[in-house]
Amino acid sequence: MNITTASDFHAERPRRSRPFRAIARPFGPIANRFAGRRWFPLWGILRHTGRTSGASYATTVVALRTPDGFVIPLPFGDATQWAKNLFAAGGGSLRSHGREYRIAEPRIVDREIAGAYLPPYLRFAAGRLGLRQYVMVRRHEN
């Protein structure tokens, strides 16, 4: 699969989502508490607007820096509400490394493209868990 830039959000389901749910359950409270902080760079807080409700949401996600933005794993495919909202709005904001960034131009990329930005241990783990797609965004410093 190549880069997707359609305004509609369409993603494949992961091969295995049960491991992600099992990891999220015990680590979720820890991630929520420390996400977005300078000394805890793996997790960030994604702020997005509901596509139908217009409500503001904050979701803890894994967010890895790229030269011009971030790559965010898409562990639940097209069942991922934050991604649907991000695509519908064309962007949002992300708190990462102790700073708030405006993010825009979301696009779905496959494992080969995103893998260039992942540390080897995460690339290995993502492959073993069957993670195939990611959302890449461009960042704009506030």
# chains A, B, ... in the order shown; residues from 1 in each chain; ligands from 1
>>> residues_around(residues="Pro73 in chain A", least_positions_apart="5", cutoff="9 Å", atoms="only C-alpha atoms", output="list in words")
Val61, Val62, Ala63, Leu64, Ala114, Ala126, Leu131, Arg132, Gln133, Tyr134, Val135 and Met136 of chain A
>>> select_by_dssp(residues="range 27-136 of chain A", states="strand (DSSP E or B)", output="ChimeraX atom specification")
/A:43-49,56-62,64-66,69-73,91-96,99-110,133-136
>>> atom_distance(atom1="CA of Asp110 in chain A", atom2="CA of Gln81 in chain A")
18.9 Å
>>> closest_residue(among="A:Arg111, A:Arg138, A:His48, A:Lys84", to="Phe70 in chain A", atoms="only C-alpha atoms")
A:Arg138
>>> select_by_dssp(residues="range 93-133 of chain A", states="alpha helix (DSSP H)", output="list in words")
Arg111, Glu112, Ile113, Ala114, Gly115, Pro120, Tyr121, Leu122, Arg123, Phe124, Ala125, Ala126, Gly127, Arg128 and Leu129 of chain A
